[in-house]
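What follows is one structure encoded as structure tokens, with my remarks underneath.
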Amino acid sequence: MEKIIIDTEQFQRTISRISHQIIEKHSSFDDVVLVGIKRRGAEIAEMLQKRIAELAQIELPMMSLDITFYRDDLEQTHQDPVYSGSEHTLSLQDKKVILIDDVLFTGRTIRAALDALLDFGRASKIELVIFIDRGHRELPIRADYVGKNIPTARSEKIQVRTQHYDGINQVALMT
């Protein structure tokens, strides 16, 4: 059973709100880079990049990050990992990185992404954007920007759907 908790209109408002927050927090966008975690985090990063460009008339550099080989659960999945590579790779040396993902749950995906980021240089600062924070953290990770906090039971699932992968921008709670 599923319940739509963020519809298409609310999704766009959330992208806009997070974009405004990022703009307000940064007095300058010199050396700021958006990094989206593949798959849906990268698509959300593209939406934020576009909205920030509309609001602040600045085109922030962006790259997509594949964290496949940095995950700590590879042996538990019993599947061969599929690495699709990182697109538009950039040097992150001394950059202010805004790391973006769709759902924050245990924190392990973000831990893997932080490890992967080191391959592109040592950032001067890393901020975290999460579209949905559902709780249940196993690691001490907290987002700087949160689209929506949705407390869930461990048995429930949150599915962020995006236009490119799902044909619609929305968030569903699966029970």
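Naming scheme: A, B, ... for chains in displayed order of the structure tokens; residues 1 onward per chain; ligands 1 onward as shown.
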
Next item on the list: Assign secondary structure with DSSP using the backbone only, and return the residues of segment 48-128 of chain A in strand (DSSP E) as a PyMOL selection string.
Entry: chain A and resi 62-65+96-104+125-128

Can you write out the residues you just picked, keeping all heavy atoms, as a compact mmCIF listing (two decimals), in the first residue's frame?
```
# COMPACT_ATOMS: atom_id res chain seq x y z
N MET A 62 28.31 21.26 -11.53
CA MET A 62 27.68 20.10 -10.91
C MET A 62 28.30 18.82 -11.43
O MET A 62 28.71 18.75 -12.58
CB MET A 62 26.19 20.09 -11.21
CG MET A 62 25.42 19.12 -10.35
SD MET A 62 23.87 18.66 -11.11
CE MET A 62 24.31 17.08 -11.75
N MET A 63 28.36 17.81 -10.57
CA MET A 63 28.76 16.49 -11.02
C MET A 63 27.91 15.44 -10.32
O MET A 63 27.37 15.67 -9.24
CB MET A 63 30.25 16.23 -10.81
CG MET A 63 30.70 15.96 -9.42
SD MET A 63 32.50 15.68 -9.39
CE MET A 63 32.57 14.19 -8.42
N SER A 64 27.75 14.29 -10.99
CA SER A 64 27.04 13.15 -10.43
C SER A 64 28.07 12.19 -9.86
O SER A 64 29.10 11.94 -10.49
CB SER A 64 26.23 12.45 -11.52
OG SER A 64 25.29 13.34 -12.06
N LEU A 65 27.79 11.64 -8.70
CA LEU A 65 28.74 10.79 -8.00
C LEU A 65 28.19 9.37 -7.86
O LEU A 65 27.10 9.18 -7.31
CB LEU A 65 29.01 11.38 -6.61
CG LEU A 65 30.06 10.71 -5.74
CD1 LEU A 65 31.45 10.89 -6.36
CD2 LEU A 65 30.03 11.33 -4.34
N LYS A 96 33.82 24.37 -2.00
CA LYS A 96 32.70 24.21 -1.08
C LYS A 96 31.71 23.29 -1.78
O LYS A 96 31.10 23.68 -2.77
CB LYS A 96 32.07 25.55 -0.75
CG LYS A 96 33.01 26.50 -0.03
CD LYS A 96 32.40 27.88 0.09
CE LYS A 96 33.49 28.84 0.49
NZ LYS A 96 33.47 30.06 -0.31
N VAL A 97 31.59 22.08 -1.28
CA VAL A 97 30.76 21.07 -1.93
C VAL A 97 29.39 21.03 -1.25
O VAL A 97 29.29 20.99 -0.02
CB VAL A 97 31.43 19.68 -1.85
CG1 VAL A 97 30.49 18.59 -2.34
CG2 VAL A 97 32.73 19.68 -2.64
N ILE A 98 28.36 21.03 -2.07
CA ILE A 98 27.00 20.80 -1.58
C ILE A 98 26.61 19.42 -2.09
O ILE A 98 26.37 19.23 -3.29
CB ILE A 98 26.02 21.89 -2.04
CG1 ILE A 98 26.49 23.26 -1.54
CG2 ILE A 98 24.62 21.58 -1.55
CD1 ILE A 98 25.65 24.44 -2.00
N LEU A 99 26.61 18.44 -1.19
CA LEU A 99 26.31 17.04 -1.50
C LEU A 99 24.81 16.84 -1.41
O LEU A 99 24.19 17.26 -0.42
CB LEU A 99 27.06 16.13 -0.52
CG LEU A 99 26.93 14.63 -0.70
CD1 LEU A 99 27.53 14.18 -2.04
CD2 LEU A 99 27.63 13.91 0.46
N ILE A 100 24.22 16.17 -2.40
CA ILE A 100 22.76 16.08 -2.49
C ILE A 100 22.32 14.63 -2.67
O ILE A 100 22.85 13.91 -3.51
CB ILE A 100 22.25 16.92 -3.69
CG1 ILE A 100 22.69 18.38 -3.50
CG2 ILE A 100 20.74 16.82 -3.84
CD1 ILE A 100 22.88 19.14 -4.76
N ASP A 101 21.33 14.21 -1.86
CA ASP A 101 20.74 12.89 -2.01
C ASP A 101 19.24 12.97 -1.76
O ASP A 101 18.74 13.95 -1.20
CB ASP A 101 21.40 11.88 -1.07
CG ASP A 101 21.21 10.43 -1.55
OD1 ASP A 101 20.81 10.23 -2.71
OD2 ASP A 101 21.49 9.52 -0.76
N ASP A 102 18.54 11.90 -2.14
CA ASP A 102 17.08 11.92 -2.04
C ASP A 102 16.57 11.60 -0.63
O ASP A 102 15.74 12.31 -0.10
CB ASP A 102 16.43 11.00 -3.09
CG ASP A 102 16.91 9.56 -3.01
OD1 ASP A 102 17.90 9.26 -2.30
OD2 ASP A 102 16.30 8.71 -3.69
N VAL A 103 17.07 10.51 -0.01
CA VAL A 103 16.55 10.07 1.29
C VAL A 103 17.72 9.85 2.25
O VAL A 103 18.71 9.21 1.90
CB VAL A 103 15.74 8.76 1.17
CG1 VAL A 103 15.25 8.29 2.53
CG2 VAL A 103 14.56 8.94 0.22
N LEU A 104 17.58 10.36 3.47
CA LEU A 104 18.54 10.08 4.53
C LEU A 104 17.87 9.11 5.49
O LEU A 104 16.81 9.39 6.05
CB LEU A 104 18.95 11.36 5.25
CG LEU A 104 19.97 11.23 6.38
CD1 LEU A 104 21.26 10.56 5.92
CD2 LEU A 104 20.27 12.61 6.96
N LYS A 125 34.89 22.56 2.46
CA LYS A 125 33.69 22.41 3.28
C LYS A 125 32.70 21.54 2.51
O LYS A 125 32.63 21.60 1.28
CB LYS A 125 33.06 23.78 3.54
CG LYS A 125 31.82 23.73 4.41
CD LYS A 125 31.29 25.11 4.71
CE LYS A 125 30.14 25.01 5.67
NZ LYS A 125 29.63 26.31 6.07
N ILE A 126 31.95 20.73 3.23
CA ILE A 126 30.89 19.92 2.61
C ILE A 126 29.60 20.17 3.37
O ILE A 126 29.55 20.03 4.60
CB ILE A 126 31.24 18.41 2.64
CG1 ILE A 126 32.53 18.15 1.88
CG2 ILE A 126 30.08 17.59 2.05
CD1 ILE A 126 33.03 16.72 1.97
N GLU A 127 28.56 20.54 2.63
CA GLU A 127 27.23 20.69 3.19
C GLU A 127 26.36 19.59 2.60
O GLU A 127 26.63 19.10 1.51
CB GLU A 127 26.63 22.05 2.84
CG GLU A 127 27.37 23.22 3.43
CD GLU A 127 26.81 24.56 2.99
OE1 GLU A 127 26.03 24.61 2.01
OE2 GLU A 127 27.18 25.55 3.61
N LEU A 128 25.31 19.21 3.32
CA LEU A 128 24.46 18.11 2.89
C LEU A 128 23.02 18.56 2.69
O LEU A 128 22.42 19.16 3.57
CB LEU A 128 24.51 16.97 3.92
CG LEU A 128 23.68 15.73 3.64
CD1 LEU A 128 24.11 15.07 2.33
CD2 LEU A 128 23.80 14.74 4.80
```

Checklist line | Which residue of A:Glu59, A:Phe105, A:Arg137, A:Leu90 approaches Arg122 of chain A most closely, using only C-alpha atoms | finding: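 Closest to Arg122 of chain A, using only C-alpha atoms: A:Leu90.
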
Margin query: Can you pull out every residue from segment 7-80 of chain A that DSSP, working from the backbone, puts in alpha helix (DSSP H), and format the result as an NGL selection string?
Written below: :A and (8-25 or 40-56 or 74-77)

Can you check which parts of segment 91-164 of chain A lie within 10 Å of segment 3-15 of chain A? Per residue, the shortest pair of atoms and distance in Å to one decimal, counting only C-alpha atoms, sorted by chain and number, as a Markdown table.
```
| residue | atom | partner | partner_atom | distance |
| --- | --- | --- | --- | --- |
| A:Phe131 | CA | A:Thr14 | CA | 8.0 |
| A:Val146 | CA | A:Thr14 | CA | 9.1 |
| A:Gly147 | CA | A:Thr14 | CA | 5.7 |
| A:Lys148 | CA | A:Thr14 | CA | 8.0 |
| A:Ile150 | CA | A:Ile5 | CA | 9.1 |
| A:Ile158 | CA | A:Ile5 | CA | 9.4 |
| A:Gln159 | CA | A:Ile4 | CA | 9.5 |
| A:Val160 | CA | A:Ile6 | CA | 9.0 |
| A:Arg161 | CA | A:Thr8 | CA | 9.7 |
| A:Thr162 | CA | A:Thr8 | CA | 9.5 |
| A:Gln163 | CA | A:Thr8 | CA | 9.8 |
```

For the selection just defined, write its residues with N, CA, C and O atoms to a file, as a tab-separated table (two decimals), in the first residue's frame.
```
chain	number	residue	atom	x	y	z
A	131	PHE	N	16.50	15.49	0.48
A	131	PHE	CA	15.11	15.80	0.14
A	131	PHE	C	14.16	15.28	1.21
A	131	PHE	O	13.26	15.98	1.63
A	146	VAL	N	17.08	20.26	4.62
A	146	VAL	CA	16.15	19.13	4.55
A	146	VAL	C	14.86	19.59	3.89
A	146	VAL	O	14.25	20.58	4.31
A	147	GLY	N	14.45	18.85	2.86
A	147	GLY	CA	13.18	19.16	2.20
A	147	GLY	C	12.02	18.90	3.13
A	147	GLY	O	11.17	19.76	3.34
A	148	LYS	N	11.99	17.70	3.73
A	148	LYS	CA	10.91	17.35	4.65
A	148	LYS	C	11.37	16.22	5.56
A	148	LYS	O	12.01	15.28	5.11
A	150	ILE	N	10.20	13.11	7.60
A	150	ILE	CA	9.06	12.19	7.63
A	150	ILE	C	9.43	11.02	8.53
A	150	ILE	O	10.13	10.10	8.10
A	158	ILE	N	10.38	4.80	1.92
A	158	ILE	CA	10.13	6.08	1.27
A	158	ILE	C	10.65	5.96	-0.16
A	158	ILE	O	11.77	5.52	-0.37
A	159	GLN	N	9.83	6.32	-1.11
A	159	GLN	CA	10.26	6.27	-2.50
A	159	GLN	C	10.14	7.68	-3.10
A	159	GLN	O	9.05	8.20	-3.25
A	160	VAL	N	11.31	8.27	-3.38
A	160	VAL	CA	11.33	9.55	-4.08
A	160	VAL	C	11.32	9.23	-5.56
A	160	VAL	O	12.17	8.50	-6.06
A	161	ARG	N	10.33	9.74	-6.24
A	161	ARG	CA	10.19	9.50	-7.68
A	161	ARG	C	10.55	10.77	-8.43
A	161	ARG	O	10.08	11.85	-8.06
A	162	THR	N	11.35	10.61	-9.46
A	162	THR	CA	11.76	11.77	-10.26
A	162	THR	C	11.40	11.56	-11.72
A	162	THR	O	11.22	10.43	-12.17
A	163	GLN	N	11.28	12.66	-12.41
A	163	GLN	CA	10.83	12.65	-13.80
A	163	GLN	C	11.64	11.71	-14.68
A	163	GLN	O	11.09	10.91	-15.41
```
